[in-house]
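Q: mmCIF, N, CA and C atoms, file work.cif:
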```cif
data_work
loop_
_atom_site.label_atom_id
_atom_site.label_comp_id
_atom_site.auth_asym_id
_atom_site.auth_seq_id
_atom_site.Cartn_x
_atom_site.Cartn_y
_atom_site.Cartn_z
N MET A 1 0.84 -1.15 0.00
CA MET A 1 0.00 0.00 0.00
C MET A 1 0.90 1.23 0.00
N GLN A 2 0.56 2.16 -0.86
CA GLN A 2 1.34 3.39 -0.98
C GLN A 2 0.84 4.45 -0.01
N SER A 3 -0.48 4.65 0.02
CA SER A 3 -1.05 5.67 0.90
C SER A 3 -2.53 5.39 1.10
N ARG A 4 -3.13 6.13 2.03
CA ARG A 4 -4.56 6.02 2.31
C ARG A 4 -5.18 7.39 2.17
N CYS A 5 -6.47 7.40 1.92
CA CYS A 5 -7.20 8.65 1.83
C CYS A 5 -7.19 9.34 3.19
N LYS A 6 -7.05 10.63 3.19
CA LYS A 6 -6.94 11.40 4.43
C LYS A 6 -8.28 11.60 5.13
N CYS A 7 -9.42 11.36 4.42
CA CYS A 7 -10.72 11.63 5.02
C CYS A 7 -11.19 10.52 5.96
N GLY A 8 -10.48 9.38 5.98
CA GLY A 8 -10.86 8.29 6.87
C GLY A 8 -11.80 7.28 6.26
N CYS A 9 -12.08 7.38 4.96
CA CYS A 9 -13.05 6.51 4.31
C CYS A 9 -12.56 5.08 4.09
N GLY A 10 -11.28 4.85 4.12
CA GLY A 10 -10.77 3.50 3.90
C GLY A 10 -10.16 3.29 2.53
N THR A 11 -10.21 4.30 1.67
CA THR A 11 -9.60 4.16 0.35
C THR A 11 -8.09 3.98 0.52
N ALA A 12 -7.55 3.01 -0.21
CA ALA A 12 -6.12 2.71 -0.14
C ALA A 12 -5.54 2.68 -1.55
N TYR A 13 -4.41 3.33 -1.73
CA TYR A 13 -3.73 3.37 -3.02
C TYR A 13 -2.57 2.39 -2.99
N PHE A 14 -2.46 1.57 -4.03
CA PHE A 14 -1.44 0.54 -4.09
C PHE A 14 -0.19 1.04 -4.80
N GLU A 15 0.94 0.49 -4.40
CA GLU A 15 2.20 0.74 -5.08
C GLU A 15 2.71 -0.61 -5.56
N LEU A 16 2.78 -0.78 -6.87
CA LEU A 16 3.19 -2.05 -7.45
C LEU A 16 4.48 -1.87 -8.25
N ASP A 17 5.27 -2.93 -8.32
CA ASP A 17 6.48 -2.91 -9.11
C ASP A 17 6.13 -3.35 -10.54
N ALA A 18 5.87 -2.40 -11.41
CA ALA A 18 5.47 -2.70 -12.79
C ALA A 18 6.58 -3.37 -13.58
N ASP A 19 7.82 -3.28 -13.11
CA ASP A 19 8.91 -3.96 -13.79
C ASP A 19 8.94 -5.45 -13.45
N ALA A 20 8.35 -5.84 -12.32
CA ALA A 20 8.37 -7.23 -11.88
C ALA A 20 7.20 -8.06 -12.42
N VAL A 21 6.12 -7.39 -12.80
CA VAL A 21 4.91 -8.10 -13.23
C VAL A 21 4.35 -7.42 -14.47
N LYS A 22 3.91 -8.23 -15.43
CA LYS A 22 3.30 -7.69 -16.64
C LYS A 22 1.88 -7.24 -16.34
N PRO A 23 1.37 -6.23 -17.04
CA PRO A 23 0.00 -5.77 -16.81
C PRO A 23 -1.02 -6.77 -17.33
N ALA A 24 -2.19 -6.77 -16.71
CA ALA A 24 -3.30 -7.58 -17.20
C ALA A 24 -3.80 -6.96 -18.50
N PRO A 25 -4.43 -7.76 -19.35
CA PRO A 25 -4.89 -7.24 -20.66
C PRO A 25 -6.19 -6.43 -20.55
N THR A 26 -6.14 -5.31 -19.84
CA THR A 26 -7.33 -4.48 -19.70
C THR A 26 -7.30 -3.29 -20.64
N GLY A 27 -6.16 -3.04 -21.24
CA GLY A 27 -6.02 -1.86 -22.08
C GLY A 27 -5.66 -0.66 -21.25
N PRO A 28 -5.51 0.47 -21.91
CA PRO A 28 -5.15 1.69 -21.18
C PRO A 28 -6.33 2.24 -20.40
N GLY A 29 -6.04 3.15 -19.52
CA GLY A 29 -7.11 3.79 -18.75
C GLY A 29 -7.41 3.08 -17.45
N THR A 30 -8.49 3.49 -16.82
CA THR A 30 -8.89 2.97 -15.52
C THR A 30 -10.18 2.18 -15.66
N VAL A 31 -10.22 0.99 -15.05
CA VAL A 31 -11.42 0.15 -15.07
C VAL A 31 -11.71 -0.33 -13.65
N VAL A 32 -12.98 -0.65 -13.40
CA VAL A 32 -13.35 -1.28 -12.13
C VAL A 32 -13.05 -2.77 -12.29
N ALA A 33 -12.08 -3.26 -11.52
CA ALA A 33 -11.68 -4.66 -11.60
C ALA A 33 -12.60 -5.55 -10.78
N ALA A 34 -13.16 -5.01 -9.70
CA ALA A 34 -14.07 -5.78 -8.84
C ALA A 34 -14.91 -4.81 -8.03
N ASP A 35 -16.12 -5.24 -7.70
CA ASP A 35 -16.96 -4.43 -6.83
C ASP A 35 -17.90 -5.35 -6.05
N VAL A 36 -18.22 -4.91 -4.83
CA VAL A 36 -19.14 -5.66 -3.98
C VAL A 36 -19.93 -4.67 -3.13
N GLN A 37 -21.23 -4.89 -3.05
CA GLN A 37 -22.07 -4.07 -2.19
C GLN A 37 -21.92 -4.54 -0.75
N LEU A 38 -22.00 -3.61 0.18
CA LEU A 38 -21.89 -3.91 1.61
C LEU A 38 -23.27 -3.96 2.23
N PHE A 39 -23.52 -4.98 3.03
CA PHE A 39 -24.79 -5.11 3.74
C PHE A 39 -24.52 -5.22 5.23
N THR A 40 -25.22 -4.41 6.01
CA THR A 40 -25.07 -4.44 7.46
C THR A 40 -25.78 -5.66 8.02
N GLU A 41 -25.64 -5.85 9.31
CA GLU A 41 -26.29 -6.98 9.99
C GLU A 41 -27.82 -6.90 9.87
N THR A 42 -28.36 -5.69 9.68
CA THR A 42 -29.81 -5.51 9.57
C THR A 42 -30.29 -5.52 8.12
N GLY A 43 -29.39 -5.75 7.17
CA GLY A 43 -29.77 -5.83 5.77
C GLY A 43 -29.68 -4.53 5.00
N GLU A 44 -29.30 -3.45 5.67
CA GLU A 44 -29.12 -2.18 4.97
C GLU A 44 -27.90 -2.24 4.05
N CYS A 45 -27.95 -1.50 2.96
CA CYS A 45 -26.82 -1.43 2.03
C CYS A 45 -26.29 0.00 2.02
N PRO A 46 -25.34 0.31 2.92
CA PRO A 46 -24.86 1.69 3.04
C PRO A 46 -23.74 2.07 2.07
N GLY A 47 -23.24 1.10 1.29
CA GLY A 47 -22.15 1.45 0.38
C GLY A 47 -21.59 0.24 -0.34
N GLU A 48 -20.40 0.42 -0.89
CA GLU A 48 -19.75 -0.65 -1.65
C GLU A 48 -18.25 -0.51 -1.59
N VAL A 49 -17.57 -1.58 -1.99
CA VAL A 49 -16.12 -1.60 -2.11
C VAL A 49 -15.81 -1.78 -3.59
N LEU A 50 -14.95 -0.94 -4.12
CA LEU A 50 -14.52 -1.00 -5.51
C LEU A 50 -13.01 -1.19 -5.56
N VAL A 51 -12.55 -2.02 -6.49
CA VAL A 51 -11.12 -2.18 -6.74
C VAL A 51 -10.87 -1.73 -8.17
N PHE A 52 -9.95 -0.80 -8.34
CA PHE A 52 -9.67 -0.24 -9.66
C PHE A 52 -8.35 -0.75 -10.21
N ALA A 53 -8.31 -0.90 -11.52
CA ALA A 53 -7.07 -1.21 -12.23
C ALA A 53 -6.81 -0.06 -13.20
N GLN A 54 -5.56 0.31 -13.29
CA GLN A 54 -5.16 1.40 -14.17
C GLN A 54 -4.01 0.91 -15.03
N GLY A 55 -4.21 0.90 -16.34
CA GLY A 55 -3.17 0.43 -17.25
C GLY A 55 -2.82 -1.03 -17.05
N GLY A 56 -3.78 -1.82 -16.53
CA GLY A 56 -3.55 -3.25 -16.35
C GLY A 56 -3.01 -3.64 -14.98
N TYR A 57 -2.84 -2.68 -14.08
CA TYR A 57 -2.34 -2.97 -12.74
C TYR A 57 -3.37 -2.54 -11.69
N LEU A 58 -3.51 -3.36 -10.62
CA LEU A 58 -4.38 -2.93 -9.53
C LEU A 58 -3.84 -1.61 -9.00
N SER A 59 -4.73 -0.66 -8.85
CA SER A 59 -4.29 0.68 -8.53
C SER A 59 -4.77 1.16 -7.16
N TRP A 60 -6.08 0.98 -6.86
CA TRP A 60 -6.57 1.38 -5.56
C TRP A 60 -7.86 0.68 -5.21
N LEU A 61 -8.13 0.65 -3.92
CA LEU A 61 -9.34 0.10 -3.34
C LEU A 61 -10.10 1.27 -2.74
N GLU A 62 -11.38 1.36 -3.07
CA GLU A 62 -12.18 2.49 -2.59
C GLU A 62 -13.39 2.00 -1.82
N ILE A 63 -13.64 2.60 -0.68
CA ILE A 63 -14.82 2.33 0.13
C ILE A 63 -15.79 3.49 -0.11
N CYS A 64 -16.95 3.19 -0.70
CA CYS A 64 -17.92 4.23 -1.04
C CYS A 64 -19.11 4.16 -0.09
N SER A 65 -19.52 5.31 0.39
CA SER A 65 -20.68 5.40 1.27
C SER A 65 -21.86 5.94 0.48
N TRP A 66 -23.03 5.32 0.63
CA TRP A 66 -24.25 5.80 -0.01
C TRP A 66 -25.18 6.45 1.00
N SER A 67 -24.73 6.53 2.24
CA SER A 67 -25.60 7.02 3.29
C SER A 67 -24.81 7.85 4.28
N ASP A 68 -25.44 8.87 4.81
CA ASP A 68 -24.82 9.65 5.87
C ASP A 68 -25.18 9.08 7.24
N ASP A 69 -26.09 8.11 7.26
CA ASP A 69 -26.58 7.54 8.52
C ASP A 69 -25.70 6.43 9.08
N VAL A 70 -24.90 5.77 8.22
CA VAL A 70 -24.07 4.64 8.64
C VAL A 70 -22.62 4.95 8.27
N ALA A 71 -21.72 4.81 9.23
CA ALA A 71 -20.30 5.05 8.98
C ALA A 71 -19.75 3.91 8.12
N VAL A 72 -19.28 4.25 6.94
CA VAL A 72 -18.71 3.26 6.03
C VAL A 72 -17.22 3.55 5.93
N ASN A 73 -16.42 2.63 6.48
CA ASN A 73 -14.97 2.75 6.44
C ASN A 73 -14.39 1.36 6.25
N LEU A 74 -13.09 1.24 6.23
CA LEU A 74 -12.46 -0.05 5.97
C LEU A 74 -12.79 -1.07 7.05
N ALA A 75 -12.78 -0.67 8.30
CA ALA A 75 -13.10 -1.61 9.39
C ALA A 75 -14.53 -2.12 9.27
N ALA A 76 -15.47 -1.25 8.98
CA ALA A 76 -16.87 -1.67 8.82
C ALA A 76 -17.02 -2.58 7.61
N ALA A 77 -16.36 -2.24 6.52
CA ALA A 77 -16.44 -3.08 5.31
C ALA A 77 -15.92 -4.48 5.58
N ARG A 78 -14.82 -4.60 6.29
CA ARG A 78 -14.27 -5.92 6.63
C ARG A 78 -15.25 -6.71 7.49
N ARG A 79 -15.89 -6.05 8.44
CA ARG A 79 -16.85 -6.72 9.31
C ARG A 79 -18.06 -7.19 8.52
N TRP A 80 -18.60 -6.33 7.66
CA TRP A 80 -19.79 -6.69 6.88
C TRP A 80 -19.51 -7.76 5.84
N LEU A 81 -18.30 -7.78 5.30
CA LEU A 81 -17.96 -8.81 4.32
C LEU A 81 -17.80 -10.17 4.98
N ARG A 82 -17.56 -10.20 6.28
CA ARG A 82 -17.41 -11.46 7.01
C ARG A 82 -18.70 -11.93 7.65
N THR A 83 -19.72 -11.06 7.69
CA THR A 83 -20.99 -11.43 8.34
C THR A 83 -21.68 -12.48 7.50
N PRO A 84 -21.99 -13.65 8.08
CA PRO A 84 -22.69 -14.69 7.31
C PRO A 84 -24.12 -14.27 7.00
N SER A 85 -24.60 -14.69 5.83
CA SER A 85 -25.96 -14.35 5.41
C SER A 85 -26.99 -15.20 6.11
#
```
How does the structure come out when it is put into structure tokens?
A:
Amino acid sequence: MQSRCKCGCGTAYFELDADAVKPAPTGPGTVVAADVQLFTETGECPGEVLVFAQGGYLSWLEICSWSDDVAVNLAAARRWLRTPS
């Protein structure tokens, strides 16, 4: 990990050695490599986790909040992703 977002949201920027690994065949630009919606223990969906690739390399992980009522950060996302359905 290279750095984290200063606002506390849980977004993390990756630092990869592009000389050690070839890029994935995604083409130029930025794409969403993976995404998952977050569900609380009560079934609410306050946000999502997105993983971005830029130029074929994983670039950053973003925690997005859709609500001002529920704190969505990295710790909460980890907890909700582990909660059994």
Q: Can you tell me which residues surround stretch 63-72 of chain A at a distance of at most 6 Å, considering all atoms listed in the file, apart from same-chain residues fewer than 5 positions away, and format the answer as an NGL selection string?
A: :A and (9-11 or 46-50 or 77)
Q: I need the residue set behind the PyMOL selection byres (((chain A and resi 28 and name CA) around 12) and name CA) for this file; please write it as number ranges by chain.
A: A: 23-27, 29-31, 53-57
Q: At what distance in Å, to one decimal, does atom CA of A:Ala34 lie from atom CA of A:Lys22?
A: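 Atom-to-atom, atom CA of A:Lys22 and atom CA of A:Ala34 are spaced 19.1 Å apart.
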Q: Quick one: DSSP strand (DSSP E or B) residues in chain A, as a ChimeraX atom specification?
A: /A:3-4,12-13,30-38,47-54,57-65
Q: Out of A:Val36, A:Leu74, A:Leu81, A:Leu61, which residue has the shortest atom-to-atom distance to A:Glu15 when counting only C-alpha atoms?
A: A:Leu61
Q: Using all atoms of stretch 79-82 of chain A that appear in the file, construct an axis-aligned enclosing box with 8 Å of padding on every side and provide its centre coordinates and edge lengths in Å, rounded to one decimal, as lines of an AutoDock Vina configuration file.
A:
```
center_x = -17.8
center_y = -9.0
center_z = 6.8
size_x = 19.9
size_y = 21.9
size_z = 21.0
```
Q: If you measure from atom CA of A:Trp80 to atom CA of A:Glu41, what distance in Å do you get, rounded to one decimal?
A: 7.2 Å
Q: Considering only alpha helix (DSSP H) as DSSP defines it on the backbone, what residues of stretch 38-83 of chain A qualify? List them as a list in words.
A: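 Put together, the selection reads Leu74, Ala75, Ala76, Ala77, Arg78, Arg79, Trp80, Leu81 and Arg82 of chain A.
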Q: Could you jot down the atom CA of A:Thr40 to atom C of A:Phe52 separation for me, Å, one decimal place?
A: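 Value for the atom CA of A:Thr40-atom C of A:Phe52 distance: 24.6 Å.
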Q: Given the file above and the PyMOL selection byres (((chain A and resi 2 and name CA) around 12) and name CA), which residues are selected, and can you give them as a PDB file with N, CA and C atoms, in the coordinates of the input?
A:
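After the write, expr-v4.pdb holds the following:
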```pdb
ATOM      1  N   MET A   1       0.840  -1.150   0.000  1.00  0.00           N
ATOM      2  CA  MET A   1       0.000   0.000   0.000  1.00  0.00           C
ATOM      3  C   MET A   1       0.900   1.230   0.000  1.00  0.00           C
ATOM      4  N   SER A   3      -0.480   4.650   0.020  1.00  0.00           N
ATOM      5  CA  SER A   3      -1.050   5.670   0.900  1.00  0.00           C
ATOM      6  C   SER A   3      -2.530   5.390   1.100  1.00  0.00           C
ATOM      7  N   ARG A   4      -3.130   6.130   2.030  1.00  0.00           N
ATOM      8  CA  ARG A   4      -4.560   6.020   2.310  1.00  0.00           C
ATOM      9  C   ARG A   4      -5.180   7.390   2.170  1.00  0.00           C
ATOM     10  N   CYS A   5      -6.470   7.400   1.920  1.00  0.00           N
ATOM     11  CA  CYS A   5      -7.200   8.650   1.830  1.00  0.00           C
ATOM     12  C   CYS A   5      -7.190   9.340   3.190  1.00  0.00           C
ATOM     13  N   THR A  11     -10.210   4.300   1.670  1.00  0.00           N
ATOM     14  CA  THR A  11      -9.600   4.160   0.350  1.00  0.00           C
ATOM     15  C   THR A  11      -8.090   3.980   0.520  1.00  0.00           C
ATOM     16  N   ALA A  12      -7.550   3.010  -0.210  1.00  0.00           N
ATOM     17  CA  ALA A  12      -6.120   2.710  -0.140  1.00  0.00           C
ATOM     18  C   ALA A  12      -5.540   2.680  -1.550  1.00  0.00           C
ATOM     19  N   TYR A  13      -4.410   3.330  -1.730  1.00  0.00           N
ATOM     20  CA  TYR A  13      -3.730   3.370  -3.020  1.00  0.00           C
ATOM     21  C   TYR A  13      -2.570   2.390  -2.990  1.00  0.00           C
ATOM     22  N   PHE A  14      -2.460   1.570  -4.030  1.00  0.00           N
ATOM     23  CA  PHE A  14      -1.440   0.540  -4.090  1.00  0.00           C
ATOM     24  C   PHE A  14      -0.190   1.040  -4.800  1.00  0.00           C
ATOM     25  N   GLU A  15       0.940   0.490  -4.400  1.00  0.00           N
ATOM     26  CA  GLU A  15       2.200   0.740  -5.080  1.00  0.00           C
ATOM     27  C   GLU A  15       2.710  -0.610  -5.560  1.00  0.00           C
ATOM     28  N   LEU A  16       2.780  -0.780  -6.870  1.00  0.00           N
ATOM     29  CA  LEU A  16       3.190  -2.050  -7.450  1.00  0.00           C
ATOM     30  C   LEU A  16       4.480  -1.870  -8.250  1.00  0.00           C
ATOM     31  N   ASP A  17       5.270  -2.930  -8.320  1.00  0.00           N
ATOM     32  CA  ASP A  17       6.480  -2.910  -9.110  1.00  0.00           C
ATOM     33  C   ASP A  17       6.130  -3.350 -10.540  1.00  0.00           C
ATOM     34  N   SER A  59      -4.730  -0.660  -8.850  1.00  0.00           N
ATOM     35  CA  SER A  59      -4.290   0.680  -8.530  1.00  0.00           C
ATOM     36  C   SER A  59      -4.770   1.160  -7.160  1.00  0.00           C
ATOM     37  N   TRP A  60      -6.080   0.980  -6.860  1.00  0.00           N
ATOM     38  CA  TRP A  60      -6.570   1.380  -5.560  1.00  0.00           C
ATOM     39  C   TRP A  60      -7.860   0.680  -5.210  1.00  0.00           C
ATOM     40  N   LEU A  61      -8.130   0.650  -3.920  1.00  0.00           N
ATOM     41  CA  LEU A  61      -9.340   0.100  -3.340  1.00  0.00           C
ATOM     42  C   LEU A  61     -10.100   1.270  -2.740  1.00  0.00           C
TER      43      LEU A  61
END
```
Q: Looking at A:Ala20, A:Ala33, A:Cys45, A:Phe39, which one is nearest to A:Glu62, with distances taken over only C-alpha atoms?
A: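 When distances to A:Glu62 are compared using only C-alpha atoms, the smallest one comes from A:Ala33.
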Q: From the options A:Val51, A:Glu44, A:Arg78, A:Ala18, which residue's atoms come nearest to A:Val32, counting all atoms listed in the file?
A: A:Val51
